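Pasted below: query-v6.cif, mmCIF, C-alpha atoms.
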```
data_model
#
loop_
_atom_site.label_atom_id
_atom_site.label_comp_id
_atom_site.auth_asym_id
_atom_site.auth_seq_id
_atom_site.Cartn_x
_atom_site.Cartn_y
_atom_site.Cartn_z
CA ALA F 1 -5.17 16.25 6.29
CA GLN F 2 -5.95 12.58 6.09
CA SER F 3 -4.78 9.88 8.46
CA VAL F 4 -5.56 6.29 9.29
CA THR F 5 -5.33 4.50 12.62
CA GLN F 6 -5.39 0.74 12.89
CA LEU F 7 -5.94 -0.48 16.43
CA GLY F 8 -3.92 -3.57 17.21
CA SER F 9 -0.76 -4.34 15.30
CA HIS F 10 -1.27 -8.06 15.92
CA VAL F 11 -4.55 -9.97 16.12
CA SER F 12 -4.89 -13.70 16.74
CA VAL F 13 -8.07 -15.66 16.19
CA SER F 14 -8.94 -19.32 16.17
CA GLU F 15 -9.87 -20.98 12.92
CA GLY F 16 -13.62 -20.56 12.45
CA ALA F 17 -13.85 -17.56 14.77
CA LEU F 18 -14.91 -14.04 13.87
CA VAL F 19 -12.27 -11.76 12.43
CA LEU F 20 -12.50 -8.07 13.38
CA LEU F 21 -9.79 -5.64 12.31
CA ARG F 22 -10.29 -2.04 13.34
CA CYS F 23 -9.68 1.08 11.28
CA ASN F 24 -10.45 4.69 12.07
CA TYR F 25 -9.76 7.54 9.74
CA SER F 26 -9.70 11.27 9.70
CA SER F 27 -10.47 13.19 6.58
CA SER F 28 -11.46 16.74 5.83
CA VAL F 29 -13.55 15.64 2.85
CA PRO F 30 -15.62 12.53 2.11
CA PRO F 31 -13.02 9.86 1.57
CA TYR F 32 -12.57 6.71 -0.36
CA LEU F 33 -11.64 3.89 2.00
CA PHE F 34 -9.83 0.68 1.29
CA TRP F 35 -8.63 -2.52 2.83
CA TYR F 36 -5.61 -4.20 1.32
CA VAL F 37 -4.11 -7.59 2.17
CA GLN F 38 -0.47 -8.55 1.92
CA TYR F 39 0.63 -12.16 1.97
CA PRO F 40 4.26 -12.93 2.86
CA ASN F 41 6.76 -11.69 0.30
CA GLN F 42 4.06 -10.30 -1.95
CA GLY F 43 2.67 -6.93 -2.88
CA LEU F 44 -0.64 -5.55 -1.63
CA GLN F 45 -3.93 -6.75 -3.06
CA LEU F 46 -7.22 -4.92 -2.84
CA LEU F 47 -9.74 -6.62 -0.53
CA LEU F 48 -12.51 -4.07 -0.81
CA LYS F 49 -13.20 -0.39 -1.21
CA TYR F 50 -15.82 2.13 -0.15
CA THR F 51 -16.63 4.88 -2.62
CA SER F 52 -19.74 6.52 -1.09
CA ALA F 53 -22.27 4.02 -2.40
CA ALA F 54 -23.50 1.33 0.03
CA THR F 55 -22.09 1.66 3.54
CA LEU F 56 -21.63 -2.10 3.85
CA VAL F 57 -19.01 -3.19 1.38
CA LYS F 58 -18.38 -6.79 0.45
CA GLY F 59 -14.95 -7.85 -0.72
CA ILE F 60 -13.10 -10.94 -1.78
CA ASN F 61 -12.60 -14.07 0.31
CA GLY F 62 -15.68 -13.44 2.46
CA PHE F 63 -14.51 -10.15 3.97
CA GLU F 64 -16.71 -7.12 4.41
CA ALA F 65 -16.43 -3.70 5.97
CA GLU F 66 -18.92 -1.13 7.16
CA PHE F 67 -18.47 2.59 6.73
CA LYS F 68 -19.71 4.48 9.79
CA LYS F 69 -19.41 8.18 9.28
CA SER F 70 -20.47 9.08 12.82
CA GLU F 71 -17.65 6.95 14.22
CA THR F 72 -15.19 7.67 11.38
CA SER F 73 -14.61 3.94 11.23
CA PHE F 74 -14.23 1.31 8.54
CA HIS F 75 -13.72 -1.95 10.39
CA LEU F 76 -13.04 -5.17 8.49
CA THR F 77 -14.85 -8.37 9.42
CA LYS F 78 -15.14 -11.97 8.37
CA PRO F 79 -17.56 -14.34 10.09
CA SER F 80 -15.30 -17.39 10.09
CA ALA F 81 -11.51 -17.25 9.89
CA HIS F 82 -9.63 -19.62 7.64
CA MET F 83 -5.98 -20.54 7.87
CA SER F 84 -5.41 -18.89 4.50
CA ASP F 85 -6.49 -15.54 5.98
CA ALA F 86 -3.20 -15.22 7.87
CA ALA F 87 -1.61 -12.10 6.41
CA GLU F 88 -0.98 -8.41 6.98
CA TYR F 89 -3.96 -6.11 6.49
CA PHE F 90 -3.77 -2.42 5.71
CA CYS F 91 -6.50 0.16 5.86
CA ALA F 92 -6.10 3.16 3.58
CA VAL F 93 -7.89 6.41 2.84
CA SER F 94 -7.69 8.46 -0.31
CA THR F 95 -8.86 11.81 -1.50
CA GLY F 96 -8.19 12.46 -5.13
CA ASN F 97 -5.11 10.49 -6.06
CA GLN F 98 -3.31 10.62 -2.72
CA PHE F 99 -3.43 7.53 -0.54
CA TYR F 100 -2.67 7.29 3.18
CA PHE F 101 -2.08 3.96 4.87
CA GLY F 102 -2.42 2.70 8.39
CA THR F 103 0.47 0.88 10.02
CA GLY F 104 -1.06 -2.52 9.39
CA THR F 105 -2.49 -5.39 11.41
CA SER F 106 -0.92 -8.81 11.28
CA LEU F 107 -3.56 -11.52 11.50
CA THR F 108 -2.63 -14.93 12.89
CA VAL F 109 -5.08 -17.80 12.59
CA ILE F 110 -4.69 -20.53 15.19
CA PRO F 111 -5.68 -24.05 14.13
CA ASN V 1 -0.57 -8.40 -19.12
CA ALA V 2 2.06 -8.01 -16.41
CA GLY V 3 0.50 -5.02 -14.58
CA VAL V 4 3.23 -3.43 -12.46
CA THR V 5 6.71 -4.91 -12.63
CA GLN V 6 9.61 -3.98 -10.38
CA THR V 7 13.28 -4.75 -10.93
CA PRO V 8 15.37 -5.85 -9.21
CA LYS V 9 13.47 -7.82 -6.61
CA PHE V 10 16.40 -8.11 -4.25
CA ARG V 11 19.57 -6.06 -3.85
CA VAL V 12 22.30 -5.70 -1.27
CA LEU V 13 24.30 -2.48 -1.24
CA LYS V 14 27.15 -1.10 0.77
CA THR V 15 26.81 2.28 2.42
CA GLY V 16 27.53 5.02 -0.09
CA GLN V 17 26.77 3.00 -3.21
CA SER V 18 24.15 4.12 -5.67
CA MET V 19 21.42 2.20 -7.42
CA THR V 20 18.19 2.58 -9.36
CA LEU V 21 14.94 0.71 -8.96
CA LEU V 22 12.80 0.41 -12.06
CA CYS V 23 9.04 0.29 -12.12
CA ALA V 24 7.27 -0.53 -15.36
CA GLN V 25 3.51 -0.57 -15.93
CA ASP V 26 1.54 -1.70 -18.94
CA MET V 27 -1.85 -0.31 -17.85
CA ASN V 28 -1.40 3.15 -19.37
CA HIS V 29 -2.04 4.83 -16.01
CA GLU V 30 -1.04 8.42 -15.46
CA TYR V 31 -0.27 8.28 -11.75
CA MET V 32 2.66 6.29 -10.37
CA TYR V 33 4.00 6.08 -6.83
CA TRP V 34 6.98 4.81 -4.88
CA TYR V 35 6.38 3.66 -1.32
CA ARG V 36 8.64 2.16 1.28
CA GLN V 37 7.41 -0.38 3.81
CA ASP V 38 9.03 -0.77 7.19
CA PRO V 39 7.87 -2.91 10.13
CA GLY V 40 5.28 -1.14 12.25
CA MET V 41 5.18 1.90 9.98
CA GLY V 42 2.93 0.82 7.16
CA LEU V 43 3.55 2.26 3.72
CA ARG V 44 5.05 5.70 3.40
CA LEU V 45 5.03 7.65 0.17
CA ILE V 46 8.47 8.61 -1.14
CA HIS V 47 7.73 10.30 -4.46
CA TYR V 48 4.96 10.21 -6.98
CA SER V 49 4.24 11.27 -10.53
CA VAL V 50 1.02 12.55 -12.09
CA GLY V 51 2.20 11.99 -15.63
CA GLU V 52 5.14 11.71 -17.99
CA GLY V 53 7.81 14.28 -17.19
CA THR V 54 6.39 15.19 -13.77
CA THR V 55 7.43 14.18 -10.26
CA ALA V 56 6.55 15.35 -6.78
CA LYS V 57 7.72 14.70 -3.23
CA GLY V 58 5.81 12.52 -0.86
CA GLU V 59 6.10 12.02 2.88
CA VAL V 60 9.70 10.73 3.03
CA PRO V 61 11.60 11.99 -0.05
CA ASP V 62 15.02 12.68 1.47
CA GLY V 63 17.83 10.58 0.04
CA TYR V 64 15.84 9.57 -3.05
CA ASN V 65 15.42 10.92 -6.55
CA VAL V 66 12.95 9.91 -9.23
CA SER V 67 12.38 10.31 -12.93
CA ARG V 68 9.45 9.69 -15.26
CA LEU V 69 10.87 10.11 -18.74
CA LYS V 70 8.36 7.68 -20.24
CA LYS V 71 4.78 7.21 -19.15
CA GLN V 72 5.22 3.52 -18.50
CA ASN V 73 8.39 3.79 -16.38
CA PHE V 74 9.05 5.36 -12.99
CA LEU V 75 12.60 5.15 -11.67
CA LEU V 76 13.66 5.50 -8.04
CA GLY V 77 17.30 6.33 -7.39
CA LEU V 78 19.47 6.24 -4.33
CA GLU V 79 22.57 8.36 -4.92
CA SER V 80 24.39 7.41 -1.72
CA ALA V 81 22.73 4.55 0.09
CA ALA V 82 22.46 4.59 3.89
CA PRO V 83 21.51 1.78 6.28
CA SER V 84 18.30 3.70 7.09
CA GLN V 85 17.20 3.01 3.52
CA THR V 86 17.06 -0.72 4.15
CA SER V 87 13.44 -1.43 3.36
CA VAL V 88 10.98 -3.01 0.98
CA TYR V 89 10.05 -0.68 -1.84
CA PHE V 90 6.76 -0.85 -3.66
CA CYS V 91 5.74 0.82 -6.86
CA ALA V 92 2.07 1.41 -7.57
CA THR V 93 -0.22 2.96 -10.14
CA THR V 94 -3.78 4.12 -9.76
CA ARG V 95 -6.93 4.30 -11.80
CA VAL V 96 -10.48 5.07 -10.67
CA GLY V 97 -9.34 5.40 -7.08
CA GLU V 98 -7.66 2.00 -6.83
CA LEU V 99 -3.97 1.28 -6.33
CA PHE V 100 -2.24 -1.50 -8.22
CA PHE V 101 1.03 -2.66 -6.65
CA GLY V 102 4.14 -4.33 -7.87
CA GLU V 103 5.56 -7.26 -5.93
CA GLY V 104 8.18 -5.19 -4.18
CA SER V 105 11.94 -4.76 -4.15
CA ARG V 106 13.81 -5.72 -1.01
CA LEU V 107 16.85 -3.53 -0.48
CA THR V 108 19.47 -4.09 2.20
CA VAL V 109 22.14 -1.48 2.86
CA LEU V 110 25.11 -2.71 4.87
#
```
Structure encoded using structure tokens:
Amino acid sequence: AQSVTQLGSHVSVSEGALVLLRCNYSSSVPPYLFWYVQYPNQGLQLLLKYTSAATLVKGINGFEAEFKKSETSFHLTKPSAHMSDAAEYFCAVSTGNQFYFGTGTSLTVIP
Amino acid sequence: NAGVTQTPKFRVLKTGQSMTLLCAQDMNHEYMYWYRQDPGMGLRLIHYSVGEGTTAKGEVPDGYNVSRLKKQNFLLGLESAAPSQTSVYFCATTRVGELFFGEGSRLTVL
């Protein structure tokens, strides 16, 4: 069975500070891993995905995530937060065509 | 190229009423999904379809029915709406391991 745990339902950072959103997964087989972003009143957009190539994955808007098999983690980072990064972020794992989502982390950026 | 389109975007129902949400995709994808999103619970899979004429239950199927009569359309029905079904509903399709979402349908059941 697959599952995703996102630590911290709310994260606040100052503008220009490091963004770190945590995601741990459990999977019985090598997974595909994703981060999605949801802006208010919109659907989810893909930020980045890991598909067993490079362990450090770069996504849109300056975000990146590192796959660490030993820690079963796929944390999302961005060196410098921007006001436009305020949104809800979801980590997801898939095997085949089934997707499992974490409960989400709401990111607030403080001016 | 609209991608994934959901209608309606907003709806208010009274308890016991029925309604259907329509999802239409123009990407020719085989797989389609219906999720519901509730605060603090992330996205939970209601039903999904692996192709025209097929449907399967997801994590939270009770109180919902679905149909996939045409490849491009995936319908989600509520036969007798309950307040617990107040939620935001998202349709999605997938190709090459990536999900493509509609903009959501916000349903309120009074």
Show me, as a PDB file with C-alpha atoms, in the frame of the given file, the residues of chain F whose atoms get within 8 Å of chain V, using only C-alpha atoms for the distance check.
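And here is the file that came out, selection_17.pdb:
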```pdb
ATOM      1  CA  SER F   9      -0.760  -4.340  15.300  1.00  0.00           C
ATOM      2  CA  TYR F  32     -12.570   6.710  -0.360  1.00  0.00           C
ATOM      3  CA  ASN F  41       6.760 -11.690   0.300  1.00  0.00           C
ATOM      4  CA  GLN F  42       4.060 -10.300  -1.950  1.00  0.00           C
ATOM      5  CA  GLY F  43       2.670  -6.930  -2.880  1.00  0.00           C
ATOM      6  CA  LEU F  44      -0.640  -5.550  -1.630  1.00  0.00           C
ATOM      7  CA  GLN F  45      -3.930  -6.750  -3.060  1.00  0.00           C
ATOM      8  CA  LEU F  46      -7.220  -4.920  -2.840  1.00  0.00           C
ATOM      9  CA  PHE F  90      -3.770  -2.420   5.710  1.00  0.00           C
ATOM     10  CA  SER F  94      -7.690   8.460  -0.310  1.00  0.00           C
ATOM     11  CA  GLY F  96      -8.190  12.460  -5.130  1.00  0.00           C
ATOM     12  CA  ASN F  97      -5.110  10.490  -6.060  1.00  0.00           C
ATOM     13  CA  TYR F 100      -2.670   7.290   3.180  1.00  0.00           C
ATOM     14  CA  PHE F 101      -2.080   3.960   4.870  1.00  0.00           C
ATOM     15  CA  GLY F 102      -2.420   2.700   8.390  1.00  0.00           C
ATOM     16  CA  THR F 103       0.470   0.880  10.020  1.00  0.00           C
ATOM     17  CA  GLY F 104      -1.060  -2.520   9.390  1.00  0.00           C
TER      18      GLY F 104
END
```
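Interatomic distance, CA of Val66 in chain V against CA of Leu110 in chain V: 22.5 Å.
Here CA of Lys9 in chain V is placed at a distance of 18.0 Å from CA of Ile46 in chain V.
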Assuming 3 Å of padding per side, give the centre and edge lengths of the axis-aligned box around every listed atom of range 13-29 of chain V, in Å to one decimal and as JSON.
```
{"center_x": 12.7, "center_y": 1.3, "center_z": -8.5, "size_x": 35.6, "size_y": 13.5, "size_z": 27.8}
```
Subject >> Target residues per the PyMOL selection byres ((chain F and resi 29) around 12), formatted as a ChimeraX atom specification >> reply: /F:1-3,25-28,30-33,52,69,72,93-96
How would the residues just picked look written out with C-alpha atoms as a short mmCIF file (atom, residue, chain, number, x, y, z; two decimals), in the frame of the given file?
```
data_model
loop_
_atom_site.label_atom_id
_atom_site.label_comp_id
_atom_site.auth_asym_id
_atom_site.auth_seq_id
_atom_site.Cartn_x
_atom_site.Cartn_y
_atom_site.Cartn_z
CA ALA F 1 -5.17 16.25 6.29
CA GLN F 2 -5.95 12.58 6.09
CA SER F 3 -4.78 9.88 8.46
CA TYR F 25 -9.76 7.54 9.74
CA SER F 26 -9.70 11.27 9.70
CA SER F 27 -10.47 13.19 6.58
CA SER F 28 -11.46 16.74 5.83
CA PRO F 30 -15.62 12.53 2.11
CA PRO F 31 -13.02 9.86 1.57
CA TYR F 32 -12.57 6.71 -0.36
CA LEU F 33 -11.64 3.89 2.00
CA SER F 52 -19.74 6.52 -1.09
CA LYS F 69 -19.41 8.18 9.28
CA THR F 72 -15.19 7.67 11.38
CA VAL F 93 -7.89 6.41 2.84
CA SER F 94 -7.69 8.46 -0.31
CA THR F 95 -8.86 11.81 -1.50
CA GLY F 96 -8.19 12.46 -5.13
#
```
**OP:** List, as a list in words, every residue that the PyMOL selection byres ((chain F and resi 14) around 7) selects in the file provided.
**Re:** Ser12, Val13, Glu15, Gly16, Ala17, Val109, Ile110 and Pro111 of chain F
**OP:** Name the residues that the PyMOL selection byres ((chain V and resi 7) around 8) pulls out of this structure, and write them as a ChimeraX atom specification.
**Re:** /V:5-6,8-9,21-23,105
Restricted to C-alpha atoms, what would the selected residues look like written as a PDB file, in the frame of the given file?
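Contents of out-v1.pdb, as written:
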```
ATOM      1  CA  THR V   5       6.710  -4.910 -12.630  1.00  0.00           C
ATOM      2  CA  GLN V   6       9.610  -3.980 -10.380  1.00  0.00           C
ATOM      3  CA  PRO V   8      15.370  -5.850  -9.210  1.00  0.00           C
ATOM      4  CA  LYS V   9      13.470  -7.820  -6.610  1.00  0.00           C
ATOM      5  CA  LEU V  21      14.940   0.710  -8.960  1.00  0.00           C
ATOM      6  CA  LEU V  22      12.800   0.410 -12.060  1.00  0.00           C
ATOM      7  CA  CYS V  23       9.040   0.290 -12.120  1.00  0.00           C
ATOM      8  CA  SER V 105      11.940  -4.760  -4.150  1.00  0.00           C
TER       9      SER V 105
END
```
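Using all atoms listed in the file, the shortest contact distance between Lys57 in chain V and any of V:Leu76, V:Ala81, V:Val4, V:Leu107 is found at V:Leu76.
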Enumerate, as a compact mmCIF listing (two decimals) with C-alpha atoms, in the frame of the given file, the protein, DNA and RNA residues whose atoms approach (-9.9, -9.8, 16.6) to within 9 Å, taking into account all atoms listed in the file and the coordinate frame of the file.
```txt
# COMPACT_ATOMS: atom_id res chain seq x y z
CA GLY F 8 -3.92 -3.57 17.21
CA HIS F 10 -1.27 -8.06 15.92
CA VAL F 11 -4.55 -9.97 16.12
CA SER F 12 -4.89 -13.70 16.74
CA VAL F 13 -8.07 -15.66 16.19
CA ALA F 17 -13.85 -17.56 14.77
CA LEU F 18 -14.91 -14.04 13.87
CA VAL F 19 -12.27 -11.76 12.43
CA LEU F 20 -12.50 -8.07 13.38
CA LEU F 21 -9.79 -5.64 12.31
CA ARG F 22 -10.29 -2.04 13.34
CA THR F 77 -14.85 -8.37 9.42
CA LEU F 107 -3.56 -11.52 11.50
```
**OP:** Could you check how far CA of Ser67 in chain V sits from CA of Ala24 in chain V, in Å to one decimal?
**Re:** 12.2 Å
